[in-house]
file coords-v6.cif (mmCIF, C-alpha atoms)
data_upload
loop_
_atom_site.label_atom_id
_atom_site.label_comp_id
_atom_site.auth_asym_id
_atom_site.auth_seq_id
_atom_site.Cartn_x
_atom_site.Cartn_y
_atom_site.Cartn_z
CA MET S 1 0.00 0.00 0.00
CA ALA S 2 1.24 3.55 -0.69
CA SER S 3 2.33 5.62 2.27
CA GLN S 4 -0.44 7.46 4.05
CA ASP S 5 -0.33 10.06 6.78
CA LEU S 6 -0.68 8.60 10.24
CA THR S 7 -2.21 10.40 13.22
CA GLY S 8 -0.07 10.77 16.33
CA THR S 9 -1.28 10.36 19.89
CA ALA S 10 -2.04 14.07 20.31
CA GLY S 11 -4.09 14.12 17.11
CA GLU S 12 -1.35 15.74 15.04
CA VAL S 13 -0.72 14.46 11.50
CA LEU S 14 2.60 12.64 11.09
CA HIS S 15 3.78 13.30 7.54
CA GLY S 16 5.96 10.75 5.80
CA ALA S 17 5.20 7.82 8.07
CA THR S 18 4.31 4.69 6.09
CA THR S 19 2.01 1.77 6.89
CA GLN S 20 2.81 -1.87 6.20
CA PRO S 21 0.27 -3.73 4.10
CA SER S 22 -2.05 -5.28 6.64
CA VAL S 23 -3.81 -8.63 6.46
CA TRP S 24 -6.95 -6.75 7.33
CA ASP S 25 -6.76 -4.98 3.97
CA GLY S 26 -7.99 -8.14 2.33
CA GLY S 27 -6.81 -10.13 -0.69
CA GLY S 28 -4.91 -12.77 1.30
CA SER S 29 -6.09 -16.21 2.29
CA PRO S 30 -6.88 -17.00 5.92
CA PHE S 31 -4.31 -19.30 7.50
CA ALA S 32 -2.25 -18.94 4.30
CA ILE S 33 -3.94 -21.95 2.68
CA GLY S 34 -6.39 -22.17 -0.19
CA SER S 35 -10.11 -22.39 0.51
CA LYS S 36 -10.36 -25.96 -0.84
CA LYS S 37 -7.78 -27.13 1.65
CA PHE S 38 -9.42 -25.29 4.50
CA GLY S 39 -12.80 -26.71 3.53
CA MET S 40 -11.38 -30.22 3.59
CA TRP S 41 -9.85 -29.62 7.02
CA LEU S 42 -13.20 -28.44 8.37
CA PHE S 43 -14.85 -31.53 6.93
CA ILE S 44 -12.18 -33.74 8.48
CA VAL S 45 -12.74 -32.22 11.93
CA SER S 46 -16.50 -32.82 11.64
CA ASP S 47 -16.02 -36.38 10.40
CA ALA S 48 -13.51 -37.06 13.17
CA ILE S 49 -16.13 -36.01 15.68
CA THR S 50 -18.68 -38.29 14.00
CA PHE S 51 -16.38 -41.30 14.20
CA SER S 52 -15.46 -40.43 17.78
CA ALA S 53 -19.14 -40.35 18.71
CA LEU S 54 -19.59 -43.80 17.19
CA LEU S 55 -16.48 -45.16 18.88
CA ILE S 56 -17.58 -43.82 22.23
CA ALA S 57 -21.09 -45.18 21.71
CA TYR S 58 -19.51 -48.59 21.05
CA SER S 59 -17.33 -48.23 24.15
CA TYR S 60 -20.34 -47.21 26.21
CA VAL S 61 -22.32 -50.27 25.14
CA ARG S 62 -19.34 -52.49 25.74
CA VAL S 63 -18.60 -51.15 29.24
CA ALA S 64 -22.27 -51.51 30.18
CA SER S 65 -22.65 -55.06 28.92
CA ALA S 66 -22.05 -58.24 30.81
CA ALA S 67 -20.72 -60.59 28.17
CA TRP S 68 -19.06 -58.84 25.24
CA PRO S 69 -17.87 -61.34 22.61
CA MET S 70 -14.12 -61.68 22.12
CA PRO S 71 -14.21 -63.64 18.91
CA PHE S 72 -11.14 -62.67 16.92
CA HIS S 73 -8.79 -65.58 16.46
CA PHE S 74 -5.16 -64.73 15.81
CA TYR S 75 -5.51 -66.58 12.53
CA PRO S 76 -7.18 -65.38 10.39
CA SER S 77 -8.82 -62.33 11.98
CA VAL S 78 -6.05 -60.55 13.90
CA ILE S 79 -3.42 -61.26 11.24
CA LYS S 80 -5.77 -60.02 8.54
CA ALA S 81 -6.62 -56.88 10.51
CA THR S 82 -2.91 -56.21 11.15
CA VAL S 83 -2.14 -56.63 7.44
CA MET S 84 -5.01 -54.24 6.70
CA THR S 85 -3.46 -51.72 9.08
CA PHE S 86 -0.09 -52.06 7.34
CA VAL S 87 -1.79 -51.66 3.95
CA LEU S 88 -3.46 -48.41 5.01
CA LEU S 89 -0.26 -47.05 6.54
CA THR S 90 1.58 -47.86 3.32
CA SER S 91 -1.17 -46.15 1.34
CA SER S 92 -0.58 -43.02 3.40
CA VAL S 93 3.08 -43.07 2.41
CA THR S 94 2.27 -43.52 -1.28
CA MET S 95 -0.19 -40.61 -0.95
CA VAL S 96 2.45 -38.42 0.64
CA MET S 97 4.82 -39.30 -2.21
CA ALA S 98 2.04 -38.36 -4.64
CA VAL S 99 1.59 -34.93 -3.05
CA ARG S 100 5.34 -34.42 -3.12
CA ALA S 101 5.51 -35.30 -6.82
CA ALA S 102 2.50 -33.09 -7.52
CA LYS S 103 4.16 -30.11 -5.85
CA LEU S 104 7.25 -30.71 -8.00
CA GLU S 105 4.93 -30.69 -11.07
CA GLN S 106 5.83 -34.30 -11.91
CA ARG S 107 2.34 -35.15 -13.16
CA GLY S 108 3.04 -38.66 -14.40
CA ALA S 109 4.76 -39.74 -11.20
CA ALA S 110 2.08 -38.13 -9.05
CA ALA S 111 -0.72 -39.90 -10.92
CA LYS S 112 1.07 -43.22 -10.48
CA TRP S 113 1.53 -42.68 -6.75
CA VAL S 114 -2.16 -41.70 -6.37
CA LEU S 115 -3.22 -44.84 -8.23
CA ALA S 116 -0.95 -46.92 -5.98
CA THR S 117 -2.74 -45.39 -3.01
CA ALA S 118 -6.12 -46.26 -4.50
CA LEU S 119 -4.90 -49.81 -5.10
CA CYS S 120 -3.95 -50.15 -1.44
CA GLY S 121 -7.45 -48.94 -0.64
CA VAL S 122 -8.95 -51.64 -2.84
CA THR S 123 -6.75 -54.25 -1.13
CA PHE S 124 -8.04 -53.04 2.23
CA ILE S 125 -11.66 -53.32 1.09
CA VAL S 126 -11.17 -56.83 -0.30
CA LEU S 127 -9.52 -58.08 2.89
CA HIS S 128 -12.21 -56.45 4.99
CA ALA S 129 -14.96 -57.99 2.86
CA PHE S 130 -13.48 -61.44 3.53
CA GLU S 131 -13.44 -60.63 7.24
CA TRP S 132 -17.10 -59.61 7.14
CA ALA S 133 -18.00 -62.74 5.18
CA SER S 134 -16.36 -65.05 7.72
CA LEU S 135 -18.08 -63.31 10.63
CA ILE S 136 -21.46 -63.43 8.88
CA GLU S 137 -20.86 -67.11 8.16
CA GLU S 138 -20.26 -67.71 11.85
CA GLY S 139 -23.70 -66.27 12.52
CA VAL S 140 -23.05 -62.64 13.40
CA ARG S 141 -25.94 -60.39 12.48
CA LEU S 142 -26.79 -56.82 13.42
CA PHE S 143 -28.69 -57.79 16.56
CA LYS S 144 -27.75 -61.41 17.06
CA ASN S 145 -24.59 -63.45 17.42
CA PRO S 146 -23.73 -66.88 18.79
CA TRP S 147 -21.47 -65.61 21.56
CA GLY S 148 -22.81 -62.84 23.79
CA THR S 149 -24.32 -59.37 23.86
CA PRO S 150 -26.58 -58.94 20.83
CA LEU S 151 -25.25 -55.45 20.14
CA PHE S 152 -21.80 -56.71 19.16
CA GLY S 153 -22.85 -57.09 15.53
CA ALA S 154 -24.46 -53.66 15.36
CA ALA S 155 -21.38 -51.99 16.86
CA PHE S 156 -18.92 -53.90 14.68
CA PHE S 157 -20.74 -53.56 11.39
CA THR S 158 -21.65 -49.89 11.91
CA LEU S 159 -18.13 -48.83 12.79
CA THR S 160 -16.28 -50.86 10.21
CA GLY S 161 -19.03 -50.37 7.63
CA LEU S 162 -18.95 -46.58 7.86
CA HIS S 163 -15.17 -46.68 7.69
CA MET S 164 -15.21 -49.01 4.69
CA THR S 165 -17.67 -46.64 2.97
CA HIS S 166 -15.20 -43.81 3.51
CA VAL S 167 -12.42 -45.95 2.03
CA ALA S 168 -14.55 -46.81 -0.99
CA ILE S 169 -15.46 -43.17 -1.59
CA GLY S 170 -11.77 -42.36 -1.19
CA VAL S 171 -10.79 -44.91 -3.83
CA VAL S 172 -13.20 -43.35 -6.34
CA TYR S 173 -12.06 -39.84 -5.41
CA LEU S 174 -8.38 -40.74 -5.76
CA THR S 175 -8.91 -42.47 -9.11
CA VAL S 176 -10.61 -39.35 -10.47
CA ILE S 177 -7.77 -37.19 -9.13
CA ALA S 178 -5.11 -39.45 -10.63
CA ILE S 179 -6.67 -39.45 -14.08
CA ALA S 180 -7.45 -35.74 -14.12
CA PHE S 181 -4.12 -34.62 -12.69
CA GLY S 182 -2.23 -36.95 -15.00
CA ARG S 183 -3.99 -35.36 -17.95
CA GLY S 184 -2.87 -31.90 -16.87
CA LYS S 185 -6.16 -30.60 -15.52
CA LEU S 186 -6.11 -30.04 -11.76
CA SER S 187 -3.53 -28.31 -9.56
CA SER S 188 -1.22 -29.76 -6.93
CA GLU S 189 -3.56 -28.31 -4.32
CA ASP S 190 -6.28 -30.71 -5.50
CA VAL S 191 -3.93 -33.64 -5.03
CA GLU S 192 -3.01 -32.37 -1.59
CA VAL S 193 -6.68 -31.99 -0.60
CA SER S 194 -7.43 -35.57 -1.65
CA GLY S 195 -4.38 -36.60 0.36
CA LEU S 196 -5.81 -34.98 3.47
CA TYR S 197 -9.00 -36.99 3.07
CA TRP S 198 -7.06 -40.20 2.60
CA HIS S 199 -4.85 -39.65 5.64
CA PHE S 200 -7.98 -39.01 7.67
CA VAL S 201 -9.41 -42.37 6.60
CA ASP S 202 -6.16 -43.99 7.74
CA LEU S 203 -6.33 -42.07 11.02
CA VAL S 204 -9.78 -43.38 11.84
CA TRP S 205 -8.59 -46.95 11.31
CA MET S 206 -5.76 -46.31 13.80
CA PHE S 207 -8.49 -46.07 16.44
CA ILE S 208 -10.91 -48.69 15.17
CA PHE S 209 -8.19 -51.35 14.98
CA PRO S 210 -7.21 -51.38 18.66
CA LEU S 211 -10.67 -50.63 20.05
CA VAL S 212 -12.59 -53.17 18.00
CA TYR S 213 -10.05 -55.86 17.16
CA LEU S 214 -7.24 -55.80 19.69
CA LEU S 215 -9.55 -55.52 22.70
CA SER S 216 -11.50 -58.57 21.51
CA VAL S 217 -8.79 -61.07 20.72
CA ARG S 218 -9.62 -64.60 21.56
CA ARG S 219 -6.84 -65.95 23.75
CA MET N 1 18.13 -21.56 -1.11
CA SER N 2 17.81 -22.10 -4.84
CA GLU N 3 14.36 -22.41 -6.39
CA ALA N 4 14.66 -26.18 -6.75
CA GLN N 5 15.86 -26.66 -3.19
CA GLU N 6 13.04 -24.51 -1.87
CA HIS N 7 10.52 -26.61 -3.78
CA ALA N 8 12.01 -29.82 -2.45
CA HIS N 9 11.97 -28.57 1.10
CA GLU N 10 8.39 -27.45 0.76
CA ALA N 11 7.42 -30.74 -0.83
CA GLY N 12 8.82 -32.74 2.07
CA SER N 13 11.74 -35.15 2.29
CA LYS N 14 11.31 -38.81 1.40
CA LYS N 15 13.49 -39.82 4.30
CA LEU N 16 11.26 -38.12 6.84
CA PHE N 17 8.15 -39.79 5.47
CA LEU N 18 9.75 -43.23 5.49
CA TYR N 19 11.02 -42.61 9.03
CA VAL N 20 7.50 -41.75 10.22
CA TRP N 21 6.18 -44.80 8.35
CA PHE N 22 8.56 -47.15 10.12
CA TRP N 23 7.55 -45.68 13.47
CA LEU N 24 3.88 -46.16 12.62
CA LEU N 25 4.46 -49.79 11.64
CA GLY N 26 6.52 -50.34 14.79
CA LEU N 27 3.90 -48.84 17.08
CA THR N 28 1.28 -51.02 15.40
CA GLY N 29 3.40 -54.11 16.04
CA ILE N 30 3.72 -53.12 19.70
CA GLU N 31 -0.06 -52.74 19.92
CA VAL N 32 -0.67 -56.22 18.50
CA PHE N 33 1.89 -57.67 20.91
CA LEU N 34 0.25 -55.88 23.87
CA ALA N 35 -3.14 -57.30 22.95
CA TYR N 36 -1.92 -60.75 23.89
CA GLU N 37 -0.31 -59.78 27.16
CA GLN N 38 -2.05 -60.48 30.46
CA LEU N 39 -2.81 -56.90 31.44
CA GLY N 40 -5.74 -55.40 33.33
CA VAL N 41 -8.39 -53.84 31.12
CA LYS N 42 -7.73 -50.30 32.31
CA LEU N 43 -3.98 -50.58 31.73
CA MET N 44 -4.48 -52.20 28.32
CA LEU N 45 -6.95 -49.50 27.29
CA THR N 46 -4.65 -46.71 28.46
CA LEU N 47 -1.65 -48.14 26.62
CA LEU N 48 -3.55 -48.86 23.40
CA MET N 49 -5.21 -45.45 23.35
CA GLY N 50 -1.95 -43.73 24.22
CA LEU N 51 -0.16 -45.47 21.35
CA SER N 52 -3.03 -44.71 18.99
CA ILE N 53 -2.94 -41.03 19.93
CA ILE N 54 0.81 -40.97 19.23
CA LYS N 55 0.19 -42.56 15.83
CA ALA N 56 -2.59 -40.09 15.11
CA THR N 57 -0.33 -37.17 16.06
CA LEU N 58 2.39 -38.48 13.73
CA ILE N 59 -0.04 -38.81 10.84
CA ILE N 60 -1.63 -35.41 11.41
CA SER N 61 1.69 -33.60 11.89
CA TYR N 62 3.76 -35.12 9.11
CA PHE N 63 1.52 -36.77 6.54
CA MET N 64 -1.21 -34.16 6.78
CA HIS N 65 1.49 -31.52 7.03
CA LEU N 66 -0.12 -29.71 9.95
CA ARG N 67 3.24 -29.30 11.64
CA TYR N 68 4.33 -26.97 8.86
CA GLU N 69 1.14 -24.96 8.60
CA ARG N 70 0.32 -21.66 10.26
CA ARG N 71 -0.19 -21.94 13.99
CA SER N 72 -3.50 -20.13 13.60
CA LEU N 73 -4.77 -23.05 11.50
CA VAL N 74 -3.68 -25.63 14.06
CA LEU N 75 -5.30 -23.61 16.86
CA THR N 76 -8.52 -23.21 14.87
CA LEU N 77 -8.88 -26.92 14.16
CA MET N 78 -7.32 -29.01 16.87
CA PRO N 79 -8.39 -27.61 20.28
CA ALA N 80 -12.06 -27.51 19.30
CA MET N 81 -11.95 -31.07 17.97
CA ILE N 82 -10.15 -32.39 21.04
CA PHE N 83 -12.55 -30.52 23.31
CA VAL N 84 -15.65 -31.99 21.66
CA ILE N 85 -14.22 -35.51 21.69
CA GLY N 86 -13.24 -35.06 25.32
CA MET N 87 -16.74 -33.94 26.19
CA LEU N 88 -18.11 -37.21 24.81
CA PHE N 89 -16.31 -39.03 27.60
CA VAL N 90 -18.87 -37.61 30.02
CA PHE N 91 -21.07 -40.60 29.16
CA PHE N 92 -18.82 -43.24 30.69
CA PRO N 93 -19.96 -42.90 34.31
CA ASP N 94 -23.43 -43.67 33.01
CA SER N 95 -22.26 -46.85 31.30
CA LEU N 96 -20.64 -47.95 34.55
CA ARG N 97 -23.91 -47.26 36.31
CA LEU N 98 -25.65 -49.59 33.86
CA LEU N 99 -23.00 -52.23 34.39
CA HIS N 100 -23.42 -52.14 38.16
CA MET N 101 -27.20 -52.18 37.90
CA ARG N 102 -27.24 -55.47 36.02
CA PRO N 103 -28.83 -58.34 37.95
CA GLN N 104 -25.94 -60.55 39.03
#
call {"tool": "encode", "arguments": {"input": "coords-v6.cif", "output": "C-alpha cells"}}
result
Amino acid sequence: MASQDLTGTAGEVLHGATTQPSVWDGGGSPFAIGSKKFGMWLFIVSDAITFSALLIAYSYVRVASAAWPMPFHFYPSVIKATVMTFVLLTSSVTMVMAVRAAKLEQRGAAAKWVLATALCGVTFIVLHAFEWASLIEEGVRLFKNPWGTPLFGAAFFTLTGLHMTHVAIGVVYLTVIAIAFGRGKLSSEDVEVSGLYWHFVDLVWMFIFPLVYLLSVRR
Amino acid sequence: MSEAQEHAHEAGSKKLFLYVWFWLLGLTGIEVFLAYEQLGVKLMLTLLMGLSIIKATLIISYFMHLRYERRSLVLTLMPAMIFVIGMLFVFFPDSLRLLHMRPQ
C-alpha cells in the first residue's frame, strides 16, 4: 500500500510515516492456505467427531454389557486386521509421495503414486470384505450373534461399515484425481486436498483397529 | 536456497516420510503384541489409546502436514476437535452405572 499520513497520539498528523500492508486490507487467504484445503480440514474435523461419537457409543455399550464377545482368532482375523493396518499405513506413504511429486509438477509420477494409493485402498476393502464374510458365516448379524451381547454385531458392522464406505469413496475420489491430474487438468492443491481426506481415513482406522479388534482377541 | 531446493523442502523429504512410516508400523506391532499380554483392562486401554494417539499425532503432523502450517490453523482446528471428543467421555460414568445395575 502507498504511504499514508498517520495520526499521532495528540491528534497531530505525522507526515511521511508509512504503513505496512495489513492482512486486514484483504486479498490474502486466511491461515495462508487455499479455501479448498481449509474446507477439507473443516470436513475432516467434523467427520472425526462423528467417528469419535460412534467409537464412544460402542465403548459405552461395551462397558455396560455383561458378556461382550471376544471372537477374533489370531488366525485369520487378527493377522488379517494387522495386514489391513499395514496396507493403510503404506497407502498413506504412497499418498504423501504423490503430493510431493505433484508439488514438483511431476504429473506422471504423481498420478502413479495416487493410483498406488487407491490400489492399497482396494486391497483393504477386499480383505475387509473377507473378514465380514467369515463373521457373517459364523452367525453374526446386526442384533444377534452366537457368543454374547446382541449389540456386538451392530457396533462392529456400523463402525467398520462406515469406515469401509469412507475408504470406498476415497478410492473413487483418488482415481478421479489421478486421471485428471495426470492429464494436466487439476492443480497440486487438489492432489493435496485428496491426500488430506485419505490420511484421515487412515487415522480413523488407527483407532478402530485397537478398540474393536485388539480388545477382543480370543486368547 | 535455490528455487529447486526450496521446492524440495516445501514438498517434504522422502526420508522423513519413510522414518515416520517405520515408526507407525513399529507402534502397530507393539499394539498387536500388547493385545496378547495379560494386562488389566484399564492398563491395556490406556496403553492402546496412548499409542493410537501418538500414531494419530504423527499422521496429522507429518503426513497431513499440519506441523508446517500456520499456527492459527492448528489452533482453529485441533483444540475444538479435542474438546468436543473429550466432552463425549462424560457418558462413561453412566455406562458404569448400567453395568453395576445389572442383575448378578
call {"tool": "closest_atom_pairs", "arguments": {"input": "coords-v6.cif", "of": "chain S", "to": "chain N", "cutoff": "9 Å", "atoms": "all atoms listed in the file", "output": "JSON lines"}}
result
{"residue": "S:Pro30", "atom": "CA", "partner": "N:Leu73", "partner_atom": "CA", "distance": 8.5}
{"residue": "S:Phe31", "atom": "CA", "partner": "N:Leu73", "partner_atom": "CA", "distance": 5.5}
{"residue": "S:Ala32", "atom": "CA", "partner": "N:Arg70", "partner_atom": "CA", "distance": 7.0}
{"residue": "S:Ile33", "atom": "CA", "partner": "N:Glu69", "partner_atom": "CA", "distance": 8.4}
{"residue": "S:Phe38", "atom": "CA", "partner": "N:Leu73", "partner_atom": "CA", "distance": 8.7}
{"residue": "S:Trp41", "atom": "CA", "partner": "N:Leu77", "partner_atom": "CA", "distance": 7.7}
{"residue": "S:Leu42", "atom": "CA", "partner": "N:Leu77", "partner_atom": "CA", "distance": 7.4}
{"residue": "S:Val45", "atom": "CA", "partner": "N:Met81", "partner_atom": "CA", "distance": 6.2}
{"residue": "S:Ser46", "atom": "CA", "partner": "N:Met81", "partner_atom": "CA", "distance": 8.0}
{"residue": "S:Ala48", "atom": "CA", "partner": "N:Met81", "partner_atom": "CA", "distance": 7.8}
{"residue": "S:Ile49", "atom": "CA", "partner": "N:Ile85", "partner_atom": "CA", "distance": 6.3}
{"residue": "S:Ser52", "atom": "CA", "partner": "N:Ile85", "partner_atom": "CA", "distance": 6.4}
{"residue": "S:Ala53", "atom": "CA", "partner": "N:Leu88", "partner_atom": "CA", "distance": 6.9}
{"residue": "S:Ile56", "atom": "CA", "partner": "N:Leu88", "partner_atom": "CA", "distance": 7.1}
{"residue": "S:Ala57", "atom": "CA", "partner": "N:Phe91", "partner_atom": "CA", "distance": 8.7}
{"residue": "S:Ser59", "atom": "CA", "partner": "N:Phe92", "partner_atom": "CA", "distance": 8.4}
{"residue": "S:Tyr60", "atom": "CA", "partner": "N:Ser95", "partner_atom": "CA", "distance": 5.5}
{"residue": "S:Val61", "atom": "CA", "partner": "N:Ser95", "partner_atom": "CA", "distance": 7.0}
{"residue": "S:Arg62", "atom": "CA", "partner": "N:Ser95", "partner_atom": "CA", "distance": 8.4}
{"residue": "S:Val63", "atom": "CA", "partner": "N:Ser95", "partner_atom": "CA", "distance": 6.0}
{"residue": "S:Ala64", "atom": "CA", "partner": "N:Leu99", "partner_atom": "CA", "distance": 4.3}
{"residue": "S:Ser65", "atom": "CA", "partner": "N:Leu99", "partner_atom": "CA", "distance": 6.2}
{"residue": "S:Ala66", "atom": "CA", "partner": "N:Leu99", "partner_atom": "CA", "distance": 7.1}
{"residue": "S:Val78", "atom": "CA", "partner": "N:Val32", "partner_atom": "CA", "distance": 8.3}
{"residue": "S:Thr82", "atom": "CA", "partner": "N:Val32", "partner_atom": "CA", "distance": 7.7}
{"residue": "S:Thr85", "atom": "CA", "partner": "N:Thr28", "partner_atom": "CA", "distance": 7.9}
{"residue": "S:Phe86", "atom": "CA", "partner": "N:Leu25", "partner_atom": "CA", "distance": 6.7}
{"residue": "S:Leu89", "atom": "CA", "partner": "N:Trp21", "partner_atom": "CA", "distance": 7.1}
{"residue": "S:Thr90", "atom": "CA", "partner": "N:Trp21", "partner_atom": "CA", "distance": 7.5}
{"residue": "S:Ser92", "atom": "CA", "partner": "N:Phe63", "partner_atom": "CA", "distance": 7.3}
{"residue": "S:Val93", "atom": "CA", "partner": "N:Phe17", "partner_atom": "CA", "distance": 6.8}
{"residue": "S:Met95", "atom": "CA", "partner": "N:Phe63", "partner_atom": "CA", "distance": 8.6}
{"residue": "S:Val96", "atom": "CA", "partner": "N:Phe63", "partner_atom": "CA", "distance": 6.2}
{"residue": "S:Met97", "atom": "CA", "partner": "N:Lys14", "partner_atom": "CA", "distance": 7.4}
{"residue": "S:Val99", "atom": "CA", "partner": "N:Ala11", "partner_atom": "CA", "distance": 7.5}
{"residue": "S:Arg100", "atom": "CA", "partner": "N:Ala11", "partner_atom": "CA", "distance": 4.8}
{"residue": "S:Ala101", "atom": "CA", "partner": "N:Ala11", "partner_atom": "CA", "distance": 7.8}
{"residue": "S:Ala102", "atom": "CA", "partner": "N:Ala11", "partner_atom": "CA", "distance": 8.6}
{"residue": "S:Lys103", "atom": "CA", "partner": "N:Ala11", "partner_atom": "CA", "distance": 6.0}
{"residue": "S:Leu104", "atom": "CA", "partner": "N:His7", "partner_atom": "CA", "distance": 6.7}
{"residue": "S:Glu192", "atom": "CA", "partner": "N:Met64", "partner_atom": "CA", "distance": 8.7}
{"residue": "S:Gly195", "atom": "CA", "partner": "N:Met64", "partner_atom": "CA", "distance": 7.6}
{"residue": "S:Leu196", "atom": "CA", "partner": "N:Met64", "partner_atom": "CA", "distance": 5.7}
{"residue": "S:His199", "atom": "CA", "partner": "N:Met64", "partner_atom": "CA", "distance": 6.7}
{"residue": "S:Phe200", "atom": "CA", "partner": "N:Ile60", "partner_atom": "CA", "distance": 8.2}
{"residue": "S:Asp202", "atom": "CA", "partner": "N:Ile59", "partner_atom": "CA", "distance": 8.6}
{"residue": "S:Leu203", "atom": "CA", "partner": "N:Ala56", "partner_atom": "CA", "distance": 5.9}
{"residue": "S:Val204", "atom": "CA", "partner": "N:Ala56", "partner_atom": "CA", "distance": 8.6}
{"residue": "S:Met206", "atom": "CA", "partner": "N:Ser52", "partner_atom": "CA", "distance": 6.1}
{"residue": "S:Phe207", "atom": "CA", "partner": "N:Ser52", "partner_atom": "CA", "distance": 6.2}
{"residue": "S:Pro210", "atom": "CA", "partner": "N:Leu48", "partner_atom": "CA", "distance": 6.5}
{"residue": "S:Leu211", "atom": "CA", "partner": "N:Leu48", "partner_atom": "CA", "distance": 8.1}
{"residue": "S:Leu214", "atom": "CA", "partner": "N:Ala35", "partner_atom": "CA", "distance": 5.4}
{"residue": "S:Leu215", "atom": "CA", "partner": "N:Ala35", "partner_atom": "CA", "distance": 6.7}
{"residue": "S:Ser216", "atom": "CA", "partner": "N:Ala35", "partner_atom": "CA", "distance": 8.6}
{"residue": "S:Val217", "atom": "CA", "partner": "N:Ala35", "partner_atom": "CA", "distance": 7.1}
{"residue": "S:Arg218", "atom": "CA", "partner": "N:Tyr36", "partner_atom": "CA", "distance": 8.9}
{"residue": "S:Arg219", "atom": "CA", "partner": "N:Tyr36", "partner_atom": "CA", "distance": 7.2}
call {"tool": "atom_distance", "arguments": {"input": "coords-v6.cif", "atom1": "CA of Lys37 (chain S)", "atom2": "CA of Val193 (chain S)"}}
result
5.5 Å
call {"tool": "atom_distance", "arguments": {"input": "coords-v6.cif", "atom1": "CA of Asp47 (chain S)", "atom2": "CA of Lys144 (chain S)"}}
result
28.4 Å
call {"tool": "atom_distance", "arguments": {"input": "coords-v6.cif", "atom1": "CA of Val176 (chain S)", "atom2": "CA of Gly108 (chain S)"}}
result
14.2 Å
call {"tool": "resolve_selection", "arguments": {"input": "coords-v6.cif", "expression": "the PyMOL selection byres ((chain S and resi 183) around 12)", "output": "PyMOL selection string"}}
result
chain S and resi 106-112+176-182+184-187
call {"tool": "resolve_selection", "arguments": {"input": "coords-v6.cif", "expression": "the PyMOL selection byres ((chain S and resi 168-170) around 8)", "output": "PyMOL selection string"}}
result
chain S and resi 118+121-122+125+164-167+171-174+197-198
call {"tool": "closest_residue", "arguments": {"input": "coords-v6.cif", "among": "S:Leu88, S:Lys80, S:Glu189, S:Tyr58", "to": "Ser134 (chain S)", "atoms": "only C-alpha atoms"}}
result
S:Lys80
